[in-house]
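The structure appears right after this line, and notes come after that.
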Protein chains: 6
Amino acid sequence: MLIRVINPNTTASMTELIGRSARAVAHPGTVVEAVNPQCGPVSIESHYDEALAVPGLLAEIRRGEQDGVSAYVVACFGDPGLDAARELARGPVIGIAEAGMHAAAFLGRGFSVVTTLERTTGRAWDLARAYGFGERCLGVYSCDIPVLALETDPQARAVVTEQCRRALERDGSDAVVLGCAGMADLCAVIEDALGSPIVDGVAAATVFAESLVRLGLATGKHSEFARPPAKPYTGVLSAWGL
Amino acid sequence: MLIRVINPNTTASMTELIGRSARAVAHPGTVVEAVNPQCGPVSIESHYDEALAVPGLLAEIRRGEQDGVSAYVVACFGDPGLDAARELARGPVIGIAEAGMHAAAFLGRGFSVVTTLERTTGRAWDLARAYGFGERCLGVYSCDIPVLALETDPQARAVVTEQCRRALERDGSDAVVLGCAGMADLCAVIEDALGSPIVDGVAAATVFAESLVRLGLATGKHSEFARPPAKPYTGVLSAWGL
Amino acid sequence: MLIRVINPNTTASMTELIGRSARAVAHPGTVVEAVNPQCGPVSIESHYDEALAVPGLLAEIRRGEQDGVSAYVVACFGDPGLDAARELARGPVIGIAEAGMHAAAFLGRGFSVVTTLERTTGRAWDLARAYGFGERCLGVYSCDIPVLALETDPQARAVVTEQCRRALERDGSDAVVLGCAGMADLCAVIEDALGSPIVDGVAAATVFAESLVRLGLATGKHSEFARPPAKPYTGVLSAWGL
Amino acid sequence: MLIRVINPNTTASMTELIGRSARAVAHPGTVVEAVNPQCGPVSIESHYDEALAVPGLLAEIRRGEQDGVSAYVVACFGDPGLDAARELARGPVIGIAEAGMHAAAFLGRGFSVVTTLERTTGRAWDLARAYGFGERCLGVYSCDIPVLALETDPQARAVVTEQCRRALERDGSDAVVLGCAGMADLCAVIEDALGSPIVDGVAAATVFAESLVRLGLATGKHSEFARPPAKPYTGVLSAWGL
Amino acid sequence: MLIRVINPNTTASMTELIGRSARAVAHPGTVVEAVNPQCGPVSIESHYDEALAVPGLLAEIRRGEQDGVSAYVVACFGDPGLDAARELARGPVIGIAEAGMHAAAFLGRGFSVVTTLERTTGRAWDLARAYGFGERCLGVYSCDIPVLALETDPQARAVVTEQCRRALERDGSDAVVLGCAGMADLCAVIEDALGSPIVDGVAAATVFAESLVRLGLATGKHSEFARPPAKPYTGVLSAWGL
Amino acid sequence: MLIRVINPNTTASMTELIGRSARAVAHPGTVVEAVNPQCGPVSIESHYDEALAVPGLLAEIRRGEQDGVSAYVVACFGDPGLDAARELARGPVIGIAEAGMHAAAFLGRGFSVVTTLERTTGRAWDLARAYGFGERCLGVYSCDIPVLALETDPQARAVVTEQCRRALERDGSDAVVLGCAGMADLCAVIEDALGSPIVDGVAAATVFAESLVRLGLATGKHSEFARPPAKPYTGVLSAWGL
């Protein structure tokens, strides 16, 4: 079984972090590869960044289909390009916001999300509602830390932990979902500090992707998510037509 | 890792079927045990049966806690006693309707459910809404086959397959969730016949339970799902107090 | 007309209190009997207690059917076993959370609920949503008073009154629903103190049960709530089969 | 206890029918008076009719306040002017759509509505959603019979009965709510013919109004439903200012 | 193109203000007339006032139909009588709450409403939900200023501005909708002060009415909003029958 | 006032059609320019096409900001890239699905959508729900006509008209929204044939964009839709960083 975890931004150090988090939970025998696109933003912190990360992400999916990938993880908490990726891929594709919220839903009544910048909280709410968790998601909190500063800011761990604590208290949540792939390595330490379940979407998506492959399940291909109709693409995207 | 799959009815042949389905998807190294309560109905086909299956189910959870069980699967599509089981257990507890619907949600836009008796369709809708899948669940169909007849009725396979076909066509669904633990062994053959993903909740719950254990996640224990307060129980339930 | 009010816990003093509250509002000519099961928890303060109160409750319904009961009230704010009771009974069955919320819905735009322990607030929200009052229920407040302490704690009245006052102010509610059968005798004194409608579910369920009998209405019996199919029960529940 | 049932249209024969239906279910000792406004439409079959029925209805409420009325029923299935009536009245005010839907909600999972003209079905859906029954209301059917023809059309009973039968079959409903005060006398005969609960809103509102008075409950008066601020009214409404 | 803006209260100075606001945004060539009914309340501050403003409003619509009006604006934030007006008019009819909320929905994720009296906030929530903006409307704030005092109270501008500032901060809104036609002239000054979009419903309804006329669109007339059936009206409303 | 209507696909003949439709409804004095990106798919018929149309669309927005564009229309019924475009643009940005649904919401209770390919119906439902019209959108119908065939297939007009007729009948809708920019020129002829309002999103978005400019309103820029943070972009997108 080959799981490819795609970091949709182009920062290699973050891709490595994501790969470590995914491999730490995968079952023996599962090969996990973490990759990032050749083109796109160095981090995703706006609808604009997210939209422009998608072409590179889709190129990775197309490459993956040639490589015989069993399942994909889209490792950005905005779950960019998920529907398009599902059209392209034969195997299952799971987003980390999707996986993190599904995992949290198994752990009690309600969860909170702790993310990076305030401007991304709206997207988190959109996804919670789209996935059916509009009532289970009790709050979305931001840390005012840019994505790439998670690796370098010495205060990052303390700030994220403190926001998780606030979220648990204010919302009466049973669990917290970390709202950025760059927080994957903070999960265990925050859970130790607070004593409540803390969910890392990268890890959750990896085991759920494994699970679906194990179950022999993949995206339904008879209607909306059938392979896109082939057609010409123009300009710098001319190579993209199927 | 020890996963205990609890069939809440008292029919041993169905417990065996459930155990086979669960073991078929568990990863190597995971021990899967299928059990059923000492007391309760031989099948669950009404709110009444479901309510009366719960004491036996909870006794199994209490026994499991003494045996060091890592995670539990509640293997009846009504997900009876799930909240109470989560209070009692230290590890995660997953219902098969819950797991089947979560799995289907990863496979496209919408799913249908195919279940046994018409009178159980209301419970399926209740669960779909409670889990957040009120919009993704596009239809619930019944087969007019009692639970225990699934094992003996020579027409059962054909009838369930036909209802799955109808569900996919009418609802434009991307997947079908089988609405009874007793249908677990029909999953592969129906998927082969119809070419769309067919989800068996027993298998899905087993791999998701494994996943949560692998992630180090369990029910949040700081509020609603803390261990129940100890107190006296009277009458035939006098042994039930904690 | 014979209304049987079933206290699903096994504490006789609470059954008496409930009976007094119900009789105080019943019309002349209506016979109100308050009973409690022979087996079960002495109070209901968790999903676990609630699940284990149901077998005793259903035994009372079965006994009631032999006694020619016209309608039943389930007098615990979690409305345990309501669907199963409706399958068994020929006449109407009403839960006190259900009745209290319906009554409050007639009194303005929104209501608040004041209940006993924090861990029971989730169940109150579940019921509000299930009954259609997810938007009308503006808040659920707990008093940190165990159910049985309502009778003995000299501070109970003051604490419950204070939480009702907070609820009315914070939520801008038009009414408060008391979230425990054990609060039935506090209703009038709190309403006098605060000047807003305070709803006791026991009284509300009693008059609504009378109302339905008077209207000649009972649970629809042609599909989901038809009498459960007869079948064997094993173990200590072997006497439960229909 | 004095219950005043207000028929918001000006057809006296319909007022009499409504009065009979209400009195048939009221408890001994309750005085039920059926009245209609001095001004307004002879029947209510559009948003326009409904809007213009409200001034006469409110005049009746004001008269009732002088007469010491305990509670009011608004006996038109569009529940016209209900919020305004609640501001004016000290006692409870209940609409017949509101009461019929509340009653039906006690009788199972879902209900259907059978009403007069197709153009009124939208209003029925609006009310079902406003009262919280958007999911329990499974269908709204019209009979293509004008309101006043219910009294005179020899086919009316058969047509309404047939639409109730269709509604029960198509929707799998547990009950039907009759969607016009002019259908009040058809209730028993249809219930006999079909064997499922048929709800007449006039009767339901009458016993629920009695119930609220018996419980000592009335509209909360501390915010939205406080008595309207006094102010000048001009033109033919100059007498309306408080 | 003739747009008639109807102030449903009878205060001429407010009608003039509304007319100025509407004309300020209408395109050259559009004739905007502001009118008010001959009968009704001098201001609308309760469900009662609103209900009694409707007959005068509908009389204006009927007069407008004779005058060849192209489209109507109902210039009270409760959008009184909108459904009935749509039945009567051939051209489009738009309410100012409706228009203000639609406009705000184009400007970002969420908006807040700032209105006059606390007792009117419930109606604003009802409308937000009815128009589909139950999730986009993040808060409704009142200023404790009666409608007619908006013109005379020297503090009005400062108080409304301050509530808009609070709303933007607390709700994280992208825009504020002013909740009273009498606030129309405050819009620009508050937007200058706060730097976020402030929406005046009168102006918004005027340009949207123009837009619909320009698009050749009007209310669908084949079912619910067909012209009301003609029938007798009695009493002071005897002239109202169609 | 300069309105730029962006066709997100790269087919020039469709851009011309869209430009004609927009100019036909714009007020005198408004300059309407129709453009399409330099790169991207020749038509948009999948999530994949939609995702890959967005970079070219955003490039057009960036060019527009340099050209002093007052407002933008995104002229594809999937409203691709709308959130990202709102971050980039100073003036308002409106999608044609968004505009068409808003327009239809003013015309009665419910509308239907008629679109091209079955696989795009899911996106239409997503948008209806995201914009708040989940209950007003009564049905989405497809014509089995590829986007570019709308211009060339001699049967297209008849097929689209027939689906509009079916939609009106089945759903009891008050209006139909045409679900593709390429249907813009069919609007008038279908409205003439069916007598119910038919809404072309291109025209609707054009007049609503004009309306917002006239009102002085644009996207709120203080939080989620502030200009995206500047950062490096790599690969073929290296020119995209702000």
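Simple scheme: letters A, B, ... for chains in structure tokens order, numbers from 1 for residues in each chain, numbers from 1 for ligands in the order shown.
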
| request: Go through region 29-236 of chain D and collect every residue that DSSP, computed from the backbone, puts in strand (DSSP E or B); the answer should be as an NGL selection string. | output: :D and (31-35 or 40-41 or 71-74 or 93-95 or 111-115 or 137-142 or 175-178 or 198-200 or 233-234)

| said: Report as a ChimeraX atom specification all protein, DNA and RNA residues lying within 9 Å of region 4-8 of chain F, evaluated on only C-alpha atoms, omitting residues in the same chain fewer than 3 positions from it. | reply: /F:11-12,14-15,18-19,22,31-37,40-44,50,53-54,56-57,60-61,64,69-76,80,181,202,206

Restricting it to N, CA, C and O atoms, dump the selection as a compact mmCIF listing (two decimals), in the first residue's frame.
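part_20.txt was written with the following content:
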# COMPACT_ATOMS: atom_id res chain seq x y z
N THR F 11 -12.81 30.35 -24.25
CA THR F 11 -13.48 30.32 -25.55
C THR F 11 -14.02 31.71 -25.88
O THR F 11 -14.99 32.18 -25.26
N ALA F 12 -13.42 32.34 -26.90
CA ALA F 12 -13.72 33.75 -27.19
C ALA F 12 -15.16 33.96 -27.62
O ALA F 12 -15.78 34.98 -27.28
N MET F 14 -17.76 32.50 -26.60
CA MET F 14 -18.61 32.52 -25.41
C MET F 14 -18.41 33.83 -24.66
O MET F 14 -19.38 34.39 -24.11
N THR F 15 -17.21 34.34 -24.65
CA THR F 15 -16.96 35.64 -24.02
C THR F 15 -17.78 36.73 -24.71
O THR F 15 -18.34 37.61 -24.05
N ILE F 18 -21.43 36.44 -23.67
CA ILE F 18 -21.57 36.94 -22.30
C ILE F 18 -21.55 38.46 -22.29
O ILE F 18 -22.35 39.12 -21.60
N GLY F 19 -20.65 39.04 -23.07
CA GLY F 19 -20.57 40.51 -23.14
C GLY F 19 -21.86 41.12 -23.65
O GLY F 19 -22.35 42.12 -23.12
N ALA F 22 -24.53 41.01 -20.95
CA ALA F 22 -24.28 41.99 -19.88
C ALA F 22 -24.59 43.40 -20.35
O ALA F 22 -25.25 44.17 -19.65
N VAL F 31 -19.77 51.28 -18.48
CA VAL F 31 -18.97 50.58 -19.48
C VAL F 31 -18.83 49.12 -19.05
O VAL F 31 -18.43 48.85 -17.92
N VAL F 32 -19.20 48.22 -19.93
CA VAL F 32 -19.11 46.79 -19.65
C VAL F 32 -18.08 46.18 -20.59
O VAL F 32 -18.21 46.30 -21.81
N GLU F 33 -17.07 45.57 -20.02
CA GLU F 33 -16.07 44.87 -20.83
C GLU F 33 -16.09 43.39 -20.51
O GLU F 33 -16.05 43.01 -19.33
N ALA F 34 -16.16 42.55 -21.53
CA ALA F 34 -16.12 41.10 -21.32
C ALA F 34 -14.75 40.60 -21.73
O ALA F 34 -14.28 40.91 -22.84
N VAL F 35 -14.13 39.84 -20.85
CA VAL F 35 -12.78 39.34 -21.12
C VAL F 35 -12.71 37.86 -20.74
O VAL F 35 -13.59 37.34 -20.08
N ASN F 36 -11.62 37.21 -21.20
CA ASN F 36 -11.36 35.86 -20.68
C ASN F 36 -9.86 35.71 -20.46
O ASN F 36 -9.07 36.46 -21.03
N PRO F 37 -9.50 34.74 -19.61
CA PRO F 37 -8.08 34.59 -19.28
C PRO F 37 -7.27 34.12 -20.48
O PRO F 37 -7.81 33.60 -21.47
N GLY F 40 -6.10 28.42 -19.48
CA GLY F 40 -7.15 27.68 -18.79
C GLY F 40 -7.92 26.80 -19.75
O GLY F 40 -7.59 26.69 -20.93
N PRO F 41 -8.96 26.16 -19.25
CA PRO F 41 -9.75 25.21 -20.05
C PRO F 41 -10.68 25.94 -21.03
O PRO F 41 -11.14 27.04 -20.74
N VAL F 42 -11.01 25.31 -22.12
CA VAL F 42 -11.92 25.92 -23.10
C VAL F 42 -13.38 25.90 -22.63
O VAL F 42 -14.21 26.61 -23.16
N SER F 43 -13.65 25.06 -21.65
CA SER F 43 -14.97 25.08 -21.02
C SER F 43 -14.82 24.49 -19.63
O SER F 43 -13.81 23.84 -19.35
N ILE F 44 -15.79 24.72 -18.78
CA ILE F 44 -15.69 24.29 -17.37
C ILE F 44 -16.82 23.32 -17.08
O ILE F 44 -17.99 23.70 -17.05
N GLU F 50 -12.80 23.61 -13.14
CA GLU F 50 -13.08 24.81 -12.36
C GLU F 50 -11.83 25.25 -11.59
O GLU F 50 -11.48 26.44 -11.58
N ALA F 53 -9.35 26.82 -13.86
CA ALA F 53 -9.73 28.10 -14.45
C ALA F 53 -9.38 29.26 -13.52
O ALA F 53 -9.30 30.41 -13.97
N VAL F 54 -9.18 28.97 -12.26
CA VAL F 54 -9.03 30.05 -11.28
C VAL F 54 -7.75 30.87 -11.45
O VAL F 54 -7.80 32.11 -11.36
N GLY F 56 -6.11 31.78 -14.11
CA GLY F 56 -6.34 32.75 -15.18
C GLY F 56 -7.33 33.82 -14.76
O GLY F 56 -7.17 35.01 -15.06
N LEU F 57 -8.37 33.41 -14.06
CA LEU F 57 -9.36 34.37 -13.55
C LEU F 57 -8.69 35.38 -12.63
O LEU F 57 -8.92 36.60 -12.74
N GLU F 60 -6.78 37.97 -14.34
CA GLU F 60 -7.65 39.02 -14.88
C GLU F 60 -8.06 40.02 -13.80
O GLU F 60 -8.19 41.21 -14.06
N ILE F 61 -8.31 39.52 -12.61
CA ILE F 61 -8.65 40.44 -11.51
C ILE F 61 -7.46 41.37 -11.23
O ILE F 61 -7.62 42.58 -11.07
N GLY F 64 -7.30 43.89 -13.82
CA GLY F 64 -8.41 44.82 -13.62
C GLY F 64 -8.11 45.86 -12.55
O GLY F 64 -8.50 47.03 -12.68
N VAL F 69 -10.90 49.00 -12.57
CA VAL F 69 -12.24 48.41 -12.72
C VAL F 69 -13.06 48.69 -11.46
O VAL F 69 -12.57 48.60 -10.33
N SER F 70 -14.35 49.02 -11.65
CA SER F 70 -15.24 49.34 -10.52
C SER F 70 -15.79 48.09 -9.86
O SER F 70 -15.97 48.05 -8.64
N ALA F 71 -16.11 47.07 -10.67
CA ALA F 71 -16.70 45.85 -10.14
C ALA F 71 -16.52 44.76 -11.17
O ALA F 71 -16.37 45.03 -12.37
N TYR F 72 -16.54 43.50 -10.67
CA TYR F 72 -16.30 42.35 -11.53
C TYR F 72 -17.49 41.39 -11.47
O TYR F 72 -18.11 41.21 -10.42
N VAL F 73 -17.71 40.73 -12.58
CA VAL F 73 -18.63 39.59 -12.62
C VAL F 73 -17.82 38.36 -13.00
O VAL F 73 -17.04 38.40 -13.96
N VAL F 74 -17.99 37.28 -12.25
CA VAL F 74 -17.37 35.99 -12.59
C VAL F 74 -18.42 35.17 -13.31
O VAL F 74 -19.39 34.72 -12.71
N ALA F 75 -18.23 34.98 -14.63
CA ALA F 75 -19.31 34.50 -15.48
C ALA F 75 -19.24 33.00 -15.78
O ALA F 75 -19.28 32.57 -16.93
N CYS F 76 -19.16 32.21 -14.73
CA CYS F 76 -19.30 30.76 -14.86
C CYS F 76 -20.17 30.32 -13.70
O CYS F 76 -19.97 30.76 -12.56
N PRO F 80 -16.35 30.05 -9.76
CA PRO F 80 -15.01 29.64 -9.35
C PRO F 80 -14.18 30.82 -8.83
O PRO F 80 -14.25 31.92 -9.37
N ALA F 181 -23.42 30.23 -18.12
CA ALA F 181 -23.29 31.51 -18.81
C ALA F 181 -23.61 31.37 -20.29
O ALA F 181 -24.09 32.31 -20.93
N VAL F 202 -25.79 36.01 -15.81
CA VAL F 202 -24.87 37.04 -16.34
C VAL F 202 -25.53 38.41 -16.25
O VAL F 202 -24.93 39.37 -15.76
N THR F 206 -24.58 41.49 -13.60
CA THR F 206 -24.19 42.80 -14.14
C THR F 206 -24.95 43.92 -13.44
O THR F 206 -24.36 44.90 -12.97

| request: Find the residues around region 154-156 of chain D up to 12 Å (only C-alpha atoms counted), leave out those fewer than 3 positions away in its own chain, and share them as number ranges by chain. | output: D: 115-116, 142-151, 159-163, 182-183, 185-186, 190

Please produce a file of the residues just selected, as a CSV table (one decimal), in the first residue's frame, where the atoms kept are N, CA and C atoms.
chain,number,residue,atom,x,y,z
D,115,THR,N,-54.6,20.5,3.2
D,115,THR,CA,-55.3,21.8,3.3
D,115,THR,C,-56.2,22.0,2.1
D,116,THR,N,-56.7,23.3,1.9
D,116,THR,CA,-57.7,23.6,0.9
D,116,THR,C,-57.1,23.8,-0.5
D,142,SER,N,-52.9,19.7,-1.0
D,142,SER,CA,-54.1,20.5,-1.2
D,142,SER,C,-55.2,19.8,-1.8
D,143,CYS,N,-56.5,20.2,-1.6
D,143,CYS,CA,-57.6,19.5,-2.1
D,143,CYS,C,-58.3,20.2,-3.2
D,144,ASP,N,-57.9,21.4,-3.6
D,144,ASP,CA,-58.5,22.2,-4.6
D,144,ASP,C,-60.0,22.5,-4.3
D,145,ILE,N,-60.3,22.7,-3.0
D,145,ILE,CA,-61.6,23.1,-2.5
D,145,ILE,C,-61.5,24.5,-1.8
D,146,PRO,N,-62.2,25.5,-2.2
D,146,PRO,CA,-62.2,26.7,-1.5
D,146,PRO,C,-62.8,26.6,-0.1
D,147,VAL,N,-62.4,27.4,0.8
D,147,VAL,CA,-62.7,27.3,2.2
D,147,VAL,C,-64.2,27.1,2.4
D,148,LEU,N,-65.0,28.1,1.8
D,148,LEU,CA,-66.4,28.1,2.1
D,148,LEU,C,-67.1,26.9,1.4
D,149,ALA,N,-66.5,26.3,0.4
D,149,ALA,CA,-67.1,25.1,-0.2
D,149,ALA,C,-67.0,23.9,0.6
D,150,LEU,N,-66.2,23.9,1.7
D,150,LEU,CA,-66.1,22.8,2.6
D,150,LEU,C,-67.5,22.5,3.2
D,151,GLU,N,-68.3,23.5,3.4
D,151,GLU,CA,-69.6,23.3,4.0
D,151,GLU,C,-70.6,22.9,3.0
D,159,VAL,N,-63.1,14.0,-0.9
D,159,VAL,CA,-61.8,14.5,-1.5
D,159,VAL,C,-60.8,14.7,-0.3
D,160,VAL,N,-61.2,15.2,0.8
D,160,VAL,CA,-60.3,15.4,1.9
D,160,VAL,C,-59.8,14.1,2.4
D,161,THR,N,-60.7,13.1,2.5
D,161,THR,CA,-60.3,11.8,3.0
D,161,THR,C,-59.3,11.2,2.1
D,162,GLU,N,-59.5,11.3,0.8
D,162,GLU,CA,-58.6,10.7,-0.2
D,162,GLU,C,-57.2,11.3,-0.1
D,163,GLN,N,-57.2,12.7,0.1
D,163,GLN,CA,-55.9,13.3,0.2
D,163,GLN,C,-55.2,12.9,1.5
D,182,GLY,N,-62.2,25.0,8.8
D,182,GLY,CA,-63.5,24.5,8.2
D,182,GLY,C,-63.6,23.0,8.0
D,183,MET,N,-62.4,22.3,8.3
D,183,MET,CA,-62.4,20.8,8.2
D,183,MET,C,-62.7,20.2,9.6
D,185,ASP,N,-65.1,19.4,11.5
D,185,ASP,CA,-66.0,18.3,11.7
D,185,ASP,C,-65.8,17.1,10.8
D,186,LEU,N,-64.7,17.1,10.0
D,186,LEU,CA,-64.4,15.9,9.2
D,186,LEU,C,-63.4,15.0,10.0
D,190,ILE,N,-62.8,10.9,9.1
D,190,ILE,CA,-61.6,10.5,8.4
D,190,ILE,C,-60.7,9.5,9.2

| Residues of chain F within 7 Å of chain A, using only C-alpha atoms, as a list in words? |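 Per the criterion, chain F yields Gln38, Cys39, Gly40, Pro41, Val42, Ser46, His47, Tyr48, Ala51, Leu52, Val54, Pro55, Gly81, Asp83, Ala84, Arg119, Thr120, Gly122, Ser223, Glu224, Pro228, Pro232, Tyr233, Thr234, Gly235, Val236 and Leu237 of chain F.
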
Export, as a JSON list (two decimals), in the first residue's frame, the selected residues with N, CA and C atoms.
[["chain", "number", "residue", "atom", "x", "y", "z"],
["F", 38, "GLN", "N", -5.97, 34.29, -20.35],
["F", 38, "GLN", "CA", -5.04, 33.81, -21.37],
["F", 38, "GLN", "C", -4.81, 32.31, -21.24],
["F", 39, "CYS", "N", -5.00, 31.79, -20.05],
["F", 39, "CYS", "CA", -4.72, 30.36, -19.87],
["F", 39, "CYS", "C", -5.88, 29.70, -19.16],
["F", 40, "GLY", "N", -6.10, 28.42, -19.48],
["F", 40, "GLY", "CA", -7.15, 27.68, -18.79],
["F", 40, "GLY", "C", -7.92, 26.80, -19.75],
["F", 41, "PRO", "N", -8.96, 26.16, -19.25],
["F", 41, "PRO", "CA", -9.75, 25.21, -20.05],
["F", 41, "PRO", "C", -10.68, 25.94, -21.03],
["F", 42, "VAL", "N", -11.01, 25.31, -22.12],
["F", 42, "VAL", "CA", -11.92, 25.92, -23.10],
["F", 42, "VAL", "C", -13.38, 25.90, -22.63],
["F", 46, "SER", "N", -16.25, 20.37, -14.81],
["F", 46, "SER", "CA", -15.87, 19.46, -13.71],
["F", 46, "SER", "C", -15.23, 20.31, -12.62],
["F", 47, "HIS", "N", -15.08, 19.71, -11.42],
["F", 47, "HIS", "CA", -14.34, 20.40, -10.37],
["F", 47, "HIS", "C", -12.91, 20.67, -10.84],
["F", 48, "TYR", "N", -12.38, 19.74, -11.64],
["F", 48, "TYR", "CA", -11.02, 19.86, -12.16],
["F", 48, "TYR", "C", -10.90, 21.09, -13.07],
["F", 51, "ALA", "N", -11.18, 24.28, -10.95],
["F", 51, "ALA", "CA", -9.99, 24.61, -10.18],
["F", 51, "ALA", "C", -8.92, 25.21, -11.07],
["F", 52, "LEU", "N", -8.79, 24.69, -12.28],
["F", 52, "LEU", "CA", -7.73, 25.15, -13.17],
["F", 52, "LEU", "C", -8.10, 26.42, -13.93],
["F", 54, "VAL", "N", -9.18, 28.97, -12.26],
["F", 54, "VAL", "CA", -9.03, 30.05, -11.28],
["F", 54, "VAL", "C", -7.75, 30.87, -11.45],
["F", 55, "PRO", "N", -6.58, 30.27, -11.71],
["F", 55, "PRO", "CA", -5.39, 31.12, -11.87],
["F", 55, "PRO", "C", -5.56, 32.17, -12.97],
["F", 81, "GLY", "N", -13.44, 30.57, -7.78],
["F", 81, "GLY", "CA", -12.47, 31.54, -7.30],
["F", 81, "GLY", "C", -13.06, 32.79, -6.68],
["F", 83, "ASP", "N", -14.08, 33.69, -3.61],
["F", 83, "ASP", "CA", -13.49, 34.19, -2.36],
["F", 83, "ASP", "C", -12.11, 34.80, -2.62],
["F", 84, "ALA", "N", -11.31, 34.13, -3.44],
["F", 84, "ALA", "CA", -9.97, 34.66, -3.75],
["F", 84, "ALA", "C", -10.07, 35.97, -4.51],
["F", 119, "ARG", "N", -23.11, 16.02, -14.02],
["F", 119, "ARG", "CA", -22.03, 16.05, -13.02],
["F", 119, "ARG", "C", -21.83, 17.42, -12.40],
["F", 120, "THR", "N", -22.45, 18.45, -12.96],
["F", 120, "THR", "CA", -22.32, 19.78, -12.35],
["F", 120, "THR", "C", -23.44, 20.11, -11.37],
["F", 122, "GLY", "N", -24.16, 18.81, -8.51],
["F", 122, "GLY", "CA", -23.71, 18.84, -7.12],
["F", 122, "GLY", "C", -23.15, 20.20, -6.74],
["F", 223, "SER", "N", -11.02, 41.84, 7.58],
["F", 223, "SER", "CA", -10.65, 40.54, 8.17],
["F", 223, "SER", "C", -10.42, 39.49, 7.07],
["F", 224, "GLU", "N", -11.36, 38.59, 6.88],
["F", 224, "GLU", "CA", -11.11, 37.47, 5.98],
["F", 224, "GLU", "C", -10.77, 37.91, 4.57],
["F", 228, "PRO", "N", -4.49, 39.56, 0.32],
["F", 228, "PRO", "CA", -3.68, 38.44, 0.82],
["F", 228, "PRO", "C", -2.28, 38.89, 1.20],
["F", 232, "PRO", "N", 6.47, 34.67, -1.50],
["F", 232, "PRO", "CA", 7.01, 34.07, -2.72],
["F", 232, "PRO", "C", 6.12, 32.98, -3.28],
["F", 233, "TYR", "N", 6.05, 32.93, -4.60],
["F", 233, "TYR", "CA", 5.44, 31.82, -5.33],
["F", 233, "TYR", "C", 6.53, 31.18, -6.18],
["F", 234, "THR", "N", 6.48, 29.89, -6.34],
["F", 234, "THR", "CA", 7.55, 29.20, -7.07],
["F", 234, "THR", "C", 7.04, 28.60, -8.37],
["F", 235, "GLY", "N", 7.98, 28.18, -9.23],
["F", 235, "GLY", "CA", 7.63, 27.48, -10.46],
["F", 235, "GLY", "C", 6.91, 28.39, -11.44],
["F", 236, "VAL", "N", 6.01, 27.80, -12.25],
["F", 236, "VAL", "CA", 5.32, 28.58, -13.27],
["F", 236, "VAL", "C", 4.45, 29.66, -12.65],
["F", 237, "LEU", "N", 4.20, 29.56, -11.35],
["F", 237, "LEU", "CA", 3.39, 30.56, -10.67],
["F", 237, "LEU", "C", 4.25, 31.62, -10.00]]

| request: Find the spatial neighbours of Ala175 (chain F), counting only C-alpha atoms, within a cut-off of 6 Å - ignore same-chain residues fewer than 2 positions away - and output them as a VMD selection string. | output: chain F and resid 111 173 197 to 198

| task | Could you tell me how far CA of Gly91 (chain D) lies from CA of Cys187 (chain D), in Å and to one decimal? | result | 27.9 Å

| Quick one: DSSP helix (DSSP H, G or I) residues in region 47-120 of chain B, as an NGL selection string? | :B and (47-67 or 82-88 or 96-105 or 118-120)

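Those residues that approach Ala204 (chain E) to within 7 Å, counting only C-alpha atoms, are Ala99, Gly100, Ala103, Asp200 and Phe208 of chain E; Leu215 of chain F; same-chain residues fewer than 4 positions away are not listed.
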
| Between CA of Leu107 (chain A) and CA of Glu98 (chain C), what is the spacing in Å? |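 Between CA of Glu98 (chain C) and CA of Leu107 (chain A) the gap works out to 27.3 Å.
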
Excluding Gly108 (chain B) and its own-chain neighbours fewer than 5 positions away, which residues fall within 7 Å of it when counting only C-alpha atoms? Please give them as a compact mmCIF listing (two decimals) with N, CA and C atoms, in the first residue's frame.
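And here's out-v1.txt as it stands now:
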# COMPACT_ATOMS: atom_id res chain seq x y z
N THR A 219 -13.46 6.56 -4.01
CA THR A 219 -14.48 7.50 -4.46
C THR A 219 -15.40 6.85 -5.50
N GLY A 220 -16.71 7.07 -5.35
CA GLY A 220 -17.68 6.61 -6.33
C GLY A 220 -17.44 7.30 -7.67
N ASP B 174 -23.24 8.20 -4.43
CA ASP B 174 -21.91 7.73 -4.76
C ASP B 174 -21.58 6.42 -4.06
